[in-house]
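Quick look at entry01.tsv (TSV, C-alpha atoms):
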chain	number	residue	atom	x	y	z
A	922	MET	CA	14.62	23.85	3.82
A	923	ALA	CA	14.50	21.69	6.92
A	924	LEU	CA	11.05	21.19	8.40
A	925	ASP	CA	10.21	22.39	11.88
A	926	GLN	CA	11.00	19.64	14.41
A	927	SER	CA	8.36	20.99	16.77
A	928	PHE	CA	5.73	19.27	14.57
A	929	VAL	CA	6.92	15.82	15.72
A	930	GLY	CA	4.19	14.23	17.80
A	931	ARG	CA	1.48	16.53	16.48
A	932	THR	CA	-1.86	14.74	16.04
A	933	TYR	CA	-4.52	16.11	13.69
A	934	PRO	CA	-8.27	15.85	14.37
A	935	PRO	CA	-9.98	12.64	13.16
A	936	THR	CA	-11.40	12.78	9.64
A	937	GLU	CA	-15.10	12.62	8.78
A	938	PRO	CA	-16.12	8.96	8.35
A	939	TYR	CA	-15.40	7.28	5.01
A	940	GLU	CA	-18.06	4.71	4.17
A	941	VAL	CA	-16.61	1.64	2.49
A	942	GLY	CA	-18.84	0.42	-0.34
A	943	ARG	CA	-18.98	-3.04	-1.92
A	944	GLU	CA	-18.72	-1.59	-5.41
A	945	LYS	CA	-15.71	0.56	-4.49
A	946	ILE	CA	-13.95	-2.55	-3.20
A	947	ARG	CA	-14.86	-4.41	-6.40
A	948	GLU	CA	-13.58	-1.52	-8.53
A	949	PHE	CA	-10.29	-1.49	-6.64
A	950	ALA	CA	-9.87	-5.28	-6.86
A	951	GLU	CA	-10.53	-5.15	-10.61
A	952	ALA	CA	-8.01	-2.32	-11.02
A	953	VAL	CA	-5.28	-4.49	-9.50
A	954	GLY	CA	-6.52	-7.57	-11.37
A	955	ASP	CA	-7.29	-9.47	-8.17
A	956	THR	CA	-9.99	-12.12	-8.56
A	957	ASN	CA	-10.06	-13.25	-4.91
A	958	PRO	CA	-13.78	-13.96	-4.24
A	959	ALA	CA	-13.53	-12.46	-0.73
A	960	TYR	CA	-13.47	-9.03	-2.45
A	961	ARG	CA	-16.54	-9.61	-4.66
A	962	ASP	CA	-18.83	-12.26	-3.28
A	963	PRO	CA	-20.42	-11.78	0.17
A	964	GLU	CA	-21.03	-15.53	0.45
A	965	ALA	CA	-17.37	-16.33	-0.24
A	966	ALA	CA	-16.36	-13.71	2.33
A	967	LYS	CA	-18.78	-15.27	4.86
A	968	ALA	CA	-17.20	-18.67	4.25
A	969	TYR	CA	-13.96	-17.11	5.53
A	970	GLY	CA	-15.82	-15.74	8.55
A	971	HIS	CA	-16.29	-12.13	7.40
A	972	ALA	CA	-19.59	-10.28	7.78
A	973	ASP	CA	-19.37	-8.86	4.23
A	974	VAL	CA	-16.89	-8.57	1.39
A	975	ILE	CA	-13.49	-7.39	2.58
A	976	ALA	CA	-11.04	-5.04	0.91
A	977	PRO	CA	-7.57	-5.93	-0.42
A	978	PRO	CA	-4.81	-5.15	2.11
A	979	THR	CA	-3.67	-1.92	0.43
A	980	PHE	CA	-7.17	-0.52	-0.23
A	981	VAL	CA	-7.17	1.52	2.97
A	982	PHE	CA	-4.25	3.62	1.71
A	983	SER	CA	-6.69	5.68	-0.38
A	984	ILE	CA	-8.37	6.69	2.88
A	985	THR	CA	-5.28	7.21	5.03
A	986	PHE	CA	-3.45	9.15	2.35
A	987	ARG	CA	-6.38	11.50	1.93
A	988	ALA	CA	-6.27	12.01	5.70
A	989	ALA	CA	-2.52	12.63	5.53
A	990	GLY	CA	-3.38	15.58	3.29
A	991	GLN	CA	-4.10	17.51	6.49
A	992	VAL	CA	-0.44	17.12	7.36
A	993	VAL	CA	1.04	17.44	3.90
A	994	GLU	CA	-0.94	20.58	3.15
A	995	ASP	CA	-0.49	22.18	6.56
A	996	PRO	CA	0.90	25.58	5.56
A	997	GLN	CA	2.68	25.88	8.91
A	998	LEU	CA	4.65	22.71	8.21
A	999	GLY	CA	5.79	24.06	4.84
A	1000	LEU	CA	6.34	20.80	2.96
A	1001	ASP	CA	6.97	21.22	-0.78
A	1002	TYR	CA	4.50	18.63	-2.04
A	1003	SER	CA	5.58	18.98	-5.68
A	1004	ARG	CA	8.87	17.31	-4.67
A	1005	VAL	CA	7.38	14.53	-2.55
A	1006	VAL	CA	7.84	10.84	-3.32
A	1007	HIS	CA	6.53	7.85	-1.40
A	1008	GLY	CA	9.41	6.23	0.50
A	1009	ASP	CA	7.99	3.44	2.65
A	1010	GLN	CA	4.54	2.10	3.41
A	1011	LYS	CA	3.46	-0.27	6.15
A	1012	PHE	CA	0.16	-1.55	7.51
A	1013	ALA	CA	-0.71	-3.45	10.69
A	1014	TYR	CA	-4.23	-4.89	10.75
A	1015	THR	CA	-6.47	-5.71	13.68
A	1016	ARG	CA	-9.03	-6.89	11.13
A	1017	PRO	CA	-9.59	-6.40	7.39
A	1018	VAL	CA	-11.52	-3.39	6.10
A	1019	ARG	CA	-14.98	-4.54	4.97
A	1020	ALA	CA	-17.99	-3.19	3.12
A	1021	GLY	CA	-20.21	-1.11	5.36
A	1022	ASP	CA	-17.37	0.16	7.53
A	1023	ARG	CA	-17.46	3.84	8.43
A	1024	LEU	CA	-13.81	4.63	8.99
A	1025	THR	CA	-12.14	7.63	10.55
A	1026	VAL	CA	-8.43	8.34	10.38
A	1027	THR	CA	-6.35	10.11	12.99
A	1028	SER	CA	-3.00	11.24	11.60
A	1029	THR	CA	0.10	11.87	13.70
A	1030	ILE	CA	3.52	13.12	12.64
A	1031	GLU	CA	5.87	10.48	14.05
A	1032	ALA	CA	9.20	11.81	12.83
A	1033	ILE	CA	10.81	14.54	10.78
A	1034	LYS	CA	14.34	14.07	9.50
A	1035	SER	CA	16.61	15.84	7.11
A	1036	MET	CA	19.07	13.79	5.08
A	1037	ALA	CA	21.25	15.10	2.25
A	1038	GLY	CA	18.90	18.04	1.81
A	1039	ASN	CA	15.83	15.78	1.62
A	1040	ASP	CA	13.01	16.27	4.11
A	1041	ILE	CA	11.70	12.95	5.42
A	1042	LEU	CA	8.31	12.84	7.08
A	1043	ASP	CA	6.81	9.83	8.87
A	1044	ILE	CA	3.04	9.93	9.28
A	1045	ARG	CA	1.00	7.38	11.22
A	1046	GLY	CA	-2.70	7.00	10.42
A	1047	GLU	CA	-4.84	5.18	12.98
A	1048	VAL	CA	-8.02	3.85	11.40
A	1049	HIS	CA	-11.06	3.18	13.59
A	1050	ASP	CA	-14.57	1.99	12.80
A	1051	ALA	CA	-17.87	3.59	13.86
A	1052	SER	CA	-17.81	1.79	17.22
A	1053	GLY	CA	-14.34	3.16	17.93
A	1054	GLU	CA	-12.58	-0.19	17.44
A	1055	HIS	CA	-9.15	-0.20	15.83
A	1056	VAL	CA	-9.08	-1.60	12.29
A	1057	VAL	CA	-5.63	-0.85	10.88
A	1058	THR	CA	-2.65	1.44	11.35
A	1059	ALA	CA	-0.87	2.81	8.27
A	1060	TRP	CA	2.66	4.23	8.39
A	1061	THR	CA	3.64	6.40	5.43
A	1062	LYS	CA	7.11	7.76	4.85
A	1063	LEU	CA	7.22	10.74	2.48
A	1064	VAL	CA	10.45	12.13	1.09
A	1065	ALA	CA	10.57	15.69	-0.25
A	1066	ARG	CA	13.58	15.65	-2.54
A	1067	ALA	CA	16.05	18.50	-2.20
A	1068	ALA	CA	15.43	21.34	-4.63
A	1069	GLU	CA	17.83	21.28	-7.55
A	1070	GLU	CA	20.62	23.81	-7.69
A	1071	VAL	CA	19.72	26.65	-10.02
B	733	MET	CA	-9.94	-16.12	9.47
B	734	THR	CA	-9.21	-19.40	7.78
B	735	ALA	CA	-6.02	-19.57	5.74
B	736	LYS	CA	-5.76	-22.65	3.56
B	737	ILE	CA	-2.06	-23.11	4.42
B	738	ALA	CA	-1.22	-24.76	7.75
B	739	TYR	CA	1.53	-23.36	9.96
B	740	ASP	CA	2.89	-26.85	10.51
B	741	ASP	CA	3.22	-27.43	6.76
B	742	VAL	CA	5.66	-24.56	6.11
B	743	GLU	CA	9.32	-24.17	6.95
B	744	VAL	CA	11.80	-21.34	6.73
B	745	GLY	CA	12.63	-21.26	3.03
B	746	THR	CA	9.24	-22.49	1.81
B	747	GLU	CA	8.61	-20.65	-1.47
B	748	LEU	CA	5.25	-19.16	-2.36
B	749	PRO	CA	4.16	-19.51	-6.01
B	750	ALA	CA	5.84	-16.64	-7.90
B	751	GLN	CA	3.76	-14.45	-10.22
B	752	THR	CA	4.33	-11.91	-12.98
B	753	PHE	CA	2.04	-8.91	-13.28
B	754	PRO	CA	1.83	-6.91	-16.53
B	755	VAL	CA	1.23	-3.17	-16.25
B	756	THR	CA	0.35	-0.90	-19.16
B	757	ARG	CA	-0.70	2.75	-19.37
B	758	ALA	CA	-4.31	1.53	-19.37
B	759	THR	CA	-3.66	-0.34	-16.10
B	760	LEU	CA	-2.40	2.90	-14.53
B	761	VAL	CA	-5.37	4.96	-15.66
B	762	ARG	CA	-7.69	2.36	-14.19
B	763	TYR	CA	-5.73	2.24	-10.92
B	764	ALA	CA	-5.71	6.04	-10.73
B	765	GLY	CA	-9.51	6.05	-10.91
B	766	ALA	CA	-9.99	3.23	-8.41
B	767	SER	CA	-7.49	4.58	-5.87
B	768	GLY	CA	-8.10	8.30	-6.31
B	769	ASP	CA	-4.39	8.95	-6.93
B	770	PHE	CA	-4.37	11.23	-9.98
B	771	ASN	CA	-0.75	12.37	-9.82
B	772	PRO	CA	0.06	13.06	-13.51
B	773	ILE	CA	3.42	11.26	-13.27
B	774	HIS	CA	1.29	8.09	-13.58
B	775	TYR	CA	-0.27	8.98	-16.95
B	776	ASN	CA	1.32	12.08	-18.47
B	777	GLU	CA	4.71	11.52	-20.10
B	778	ARG	CA	5.41	15.22	-20.63
B	779	PHE	CA	4.77	15.96	-16.95
B	780	ALA	CA	6.79	12.94	-15.77
B	781	LYS	CA	9.81	14.06	-17.80
B	782	GLU	CA	9.47	17.64	-16.56
B	783	VAL	CA	9.93	16.42	-12.98
B	784	GLY	CA	12.98	14.37	-13.89
B	785	LEU	CA	11.52	10.90	-14.41
B	786	PRO	CA	12.52	8.76	-17.41
B	787	ASP	CA	8.87	8.25	-18.44
B	788	VAL	CA	5.47	7.58	-16.88
B	789	ILE	CA	5.86	5.41	-13.76
B	790	ALA	CA	3.46	3.07	-11.99
B	791	HIS	CA	1.92	4.05	-8.66
B	792	GLY	CA	4.08	2.61	-5.88
B	793	MET	CA	0.87	1.48	-4.22
B	794	PHE	CA	-0.08	-0.43	-7.38
B	795	THR	CA	3.16	-2.42	-7.15
B	796	MET	CA	2.54	-2.96	-3.44
B	797	ALA	CA	-0.97	-4.25	-4.21
B	798	GLU	CA	0.32	-6.66	-6.86
B	799	ALA	CA	3.06	-8.03	-4.59
B	800	ALA	CA	0.42	-8.68	-1.90
B	801	ARG	CA	-1.43	-10.95	-4.30
B	802	VAL	CA	1.41	-13.49	-4.10
B	803	VAL	CA	0.65	-13.74	-0.38
B	804	THR	CA	-3.15	-13.59	-0.50
B	805	ASP	CA	-3.39	-16.08	-3.40
B	806	TRP	CA	-1.32	-18.43	-1.22
B	807	THR	CA	-3.41	-18.02	1.94
B	808	GLY	CA	-6.82	-17.85	0.25
B	809	ASP	CA	-8.31	-15.60	2.91
B	810	PRO	CA	-6.71	-12.14	2.49
B	811	ALA	CA	-7.35	-11.45	6.19
B	812	ALA	CA	-4.43	-13.78	6.94
B	813	VAL	CA	-2.19	-10.74	6.34
B	814	VAL	CA	-1.66	-9.09	9.73
B	815	GLU	CA	1.24	-6.82	8.75
B	816	TYR	CA	2.58	-5.72	5.40
B	817	GLY	CA	5.30	-3.21	4.61
B	818	VAL	CA	7.51	-2.19	1.70
B	819	ARG	CA	10.12	0.35	0.70
B	820	PHE	CA	9.82	1.86	-2.77
B	821	THR	CA	13.37	1.59	-4.10
B	822	LYS	CA	13.03	2.12	-7.88
B	823	PRO	CA	10.13	3.26	-10.02
B	824	VAL	CA	8.35	0.87	-12.40
B	825	VAL	CA	8.72	2.66	-15.74
B	826	VAL	CA	5.75	2.02	-18.03
B	827	PRO	CA	6.36	2.72	-21.74
B	828	ASP	CA	3.59	3.86	-24.09
B	829	ASP	CA	3.10	0.60	-25.96
B	830	ASP	CA	0.78	-2.39	-25.73
B	831	LYS	CA	3.28	-4.45	-23.71
B	832	GLY	CA	4.00	-2.02	-20.90
B	833	ALA	CA	6.16	-3.37	-18.07
B	834	LEU	CA	6.28	-6.62	-16.14
B	835	ILE	CA	6.48	-6.77	-12.34
B	836	GLU	CA	7.92	-10.10	-11.20
B	837	VAL	CA	7.23	-11.09	-7.60
B	838	SER	CA	8.64	-13.99	-5.64
B	839	ALA	CA	8.30	-14.71	-1.94
B	840	LYS	CA	9.45	-17.13	0.70
B	841	VAL	CA	8.92	-17.87	4.35
B	842	ALA	CA	11.75	-16.12	6.19
B	843	ALA	CA	10.81	-16.88	9.81
B	844	LYS	CA	8.27	-18.80	11.84
B	845	LEU	CA	6.86	-16.58	14.58
B	846	ASP	CA	4.50	-17.02	17.52
B	847	ASP	CA	0.77	-17.50	17.32
B	848	ASN	CA	0.76	-19.44	14.01
B	849	THR	CA	2.27	-16.50	12.17
B	850	VAL	CA	5.15	-16.49	9.70
B	851	ARG	CA	7.17	-13.70	8.15
B	852	VAL	CA	7.15	-13.76	4.37
B	853	ASP	CA	9.86	-11.82	2.52
B	854	LEU	CA	8.95	-10.63	-0.96
B	855	THR	CA	11.11	-9.68	-3.90
B	856	ALA	CA	9.67	-7.53	-6.69
B	857	THR	CA	11.66	-6.69	-9.80
B	858	CYS	CA	11.02	-4.92	-13.07
B	859	ALA	CA	13.47	-4.99	-15.99
B	860	GLY	CA	15.98	-6.71	-13.72
B	861	GLN	CA	15.87	-4.02	-11.03
B	862	LYS	CA	14.51	-4.39	-7.54
B	863	VAL	CA	11.48	-2.10	-7.24
B	864	LEU	CA	10.55	-2.96	-3.63
B	865	GLY	CA	12.96	-3.30	-0.72
B	866	MET	CA	12.34	-4.50	2.85
B	867	SER	CA	9.15	-6.01	1.52
B	868	ARG	CA	7.70	-8.15	4.28
B	869	ALA	CA	4.39	-9.53	5.37
B	870	VAL	CA	3.41	-11.20	8.63
B	871	VAL	CA	0.81	-13.81	7.84
B	872	ARG	CA	-1.38	-15.90	10.18
B	873	LEU	CA	-1.71	-19.46	8.97
B	874	ALA	CA	-4.14	-22.19	9.94
Is it possible to express this structure as structure tokens?
Amino acid sequence: MALDQSFVGRTYPPTEPYEVGREKIREFAEAVGDTNPAYRDPEAAKAYGHADVIAPPTFVFSITFRAAGQVVEDPQLGLDYSRVVHGDQKFAYTRPVRAGDRLTVTSTIEAIKSMAGNDILDIRGEVHDASGEHVVTAWTKLVARAAEEV
Amino acid sequence: MTAKIAYDDVEVGTELPAQTFPVTRATLVRYAGASGDFNPIHYNERFAKEVGLPDVIAHGMFTMAEAARVVTDWTGDPAAVVEYGVRFTKPVVVPDDDKGALIEVSAKVAAKLDDNTVRVDLTATCAGQKVLGMSRAVVRLA
């Protein structure tokens, strides 16, 4: 069923802050097998000019996708999450995420399309730090595949 | 930000060192825990097949993270990445054995942009099929 176009442009309230921890960054870097010292060693990160260890570029998705749950699970929108696959993902960084950040995410529905029975939803997540400065924007395209004919 | 590659030293067509990333079921369990994405299609074969997949598949974001390493290993400082986007075109199917699957990633400089930035186009394949499309990063060089 096609989603309601009137949701395009809707912005959800900012999330509670997510506090980025050094050990969470380390755990993520280890899970993707990335040995870059900027993710593990504060001194190495400082040598690159960062105040503390930084997170790999895709780390922030865990935070923005959780925030996108407000949209995905909005009963008024009526998305069938059991049929959703991740279509596209994009990030634009003002600066890297780093340990100690307290990040909030503001999610906006940018577009809703229907193609060949699939519902396509574009969500933008704006990530800001505790001082209100922009850190990164994440664009997530979700595709709810058409229900199979019974 | 201090990338170890200089803007003046690269040209359109400059290739970044290619890499191959193995992924097993154990890799996926670990990534699920680290990322918080516990969708059972990434560890439960029965569930994956019930929803029409050939087998357990890797998290798209895992593949995206691995592809990024080709760029960040090249620049040294990961903060050199100012934009990064992909399209998930095919799933990475991960069989239940000790070999798993291999994600092969290559990349080259596709354009030199303003402000010491370049556009890097990435290609990621698994079992001969392209698993990422439109995979691009904008990277600020020294």
**Message:** As an exercise, work out the distance from atom CA of Glu937 of chain A to atom CA of Asp769 of chain B in Å and give it to one decimal place.
**Reply:**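 Those two atoms sit 19.4 Å apart.
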**Asked** Can you list, as a PyMOL selection string, every protein, DNA or RNA residue that comes within 9 Å of Phe928 of chain A when you count all atoms listed in the file, leaving out same-chain residues fewer than 2 positions away?
**Response** chain A and resi 924-926+930-932+998+1030-1033
Restricting the output to C-alpha atoms, write the selected residues as a PDB file, in the coordinates of the input.
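Listed below is the output, selection27.pdb:
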ATOM      1  CA  LEU A 924      11.050  21.190   8.400  1.00  0.00           C
ATOM      2  CA  ASP A 925      10.210  22.390  11.880  1.00  0.00           C
ATOM      3  CA  GLN A 926      11.000  19.640  14.410  1.00  0.00           C
ATOM      4  CA  GLY A 930       4.190  14.230  17.800  1.00  0.00           C
ATOM      5  CA  ARG A 931       1.480  16.530  16.480  1.00  0.00           C
ATOM      6  CA  THR A 932      -1.860  14.740  16.040  1.00  0.00           C
ATOM      7  CA  LEU A 998       4.650  22.710   8.210  1.00  0.00           C
ATOM      8  CA  ILE A1030       3.520  13.120  12.640  1.00  0.00           C
ATOM      9  CA  GLU A1031       5.870  10.480  14.050  1.00  0.00           C
ATOM     10  CA  ALA A1032       9.200  11.810  12.830  1.00  0.00           C
ATOM     11  CA  ILE A1033      10.810  14.540  10.780  1.00  0.00           C
TER      12      ILE A1033
END
**Asked** Taking into account all atoms listed in the file, which residue in the set B:Val761, B:Val788, B:Val870, B:Val814 is nearest to chain A?
**Response**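 Smallest distance to chain A is found for B:Val814.
Near chain A, within 7 Å and using only C-alpha atoms, the residues of chain B are Met733, Thr734, Thr759, Arg762, Tyr763, Ala766, Ser767, Gly768, Phe794, Ala797, Glu798, Asp809, Pro810, Ala811, Val814, Glu815, Tyr816, Gly817, Val818, Arg819 and Phe820 of chain B.
With all atoms listed in the file as the atoms that count, the residue of B:Ala869, B:Ala780, B:Ala833, B:Val813 with the shortest distance to Leu854 of chain B is B:Ala869.
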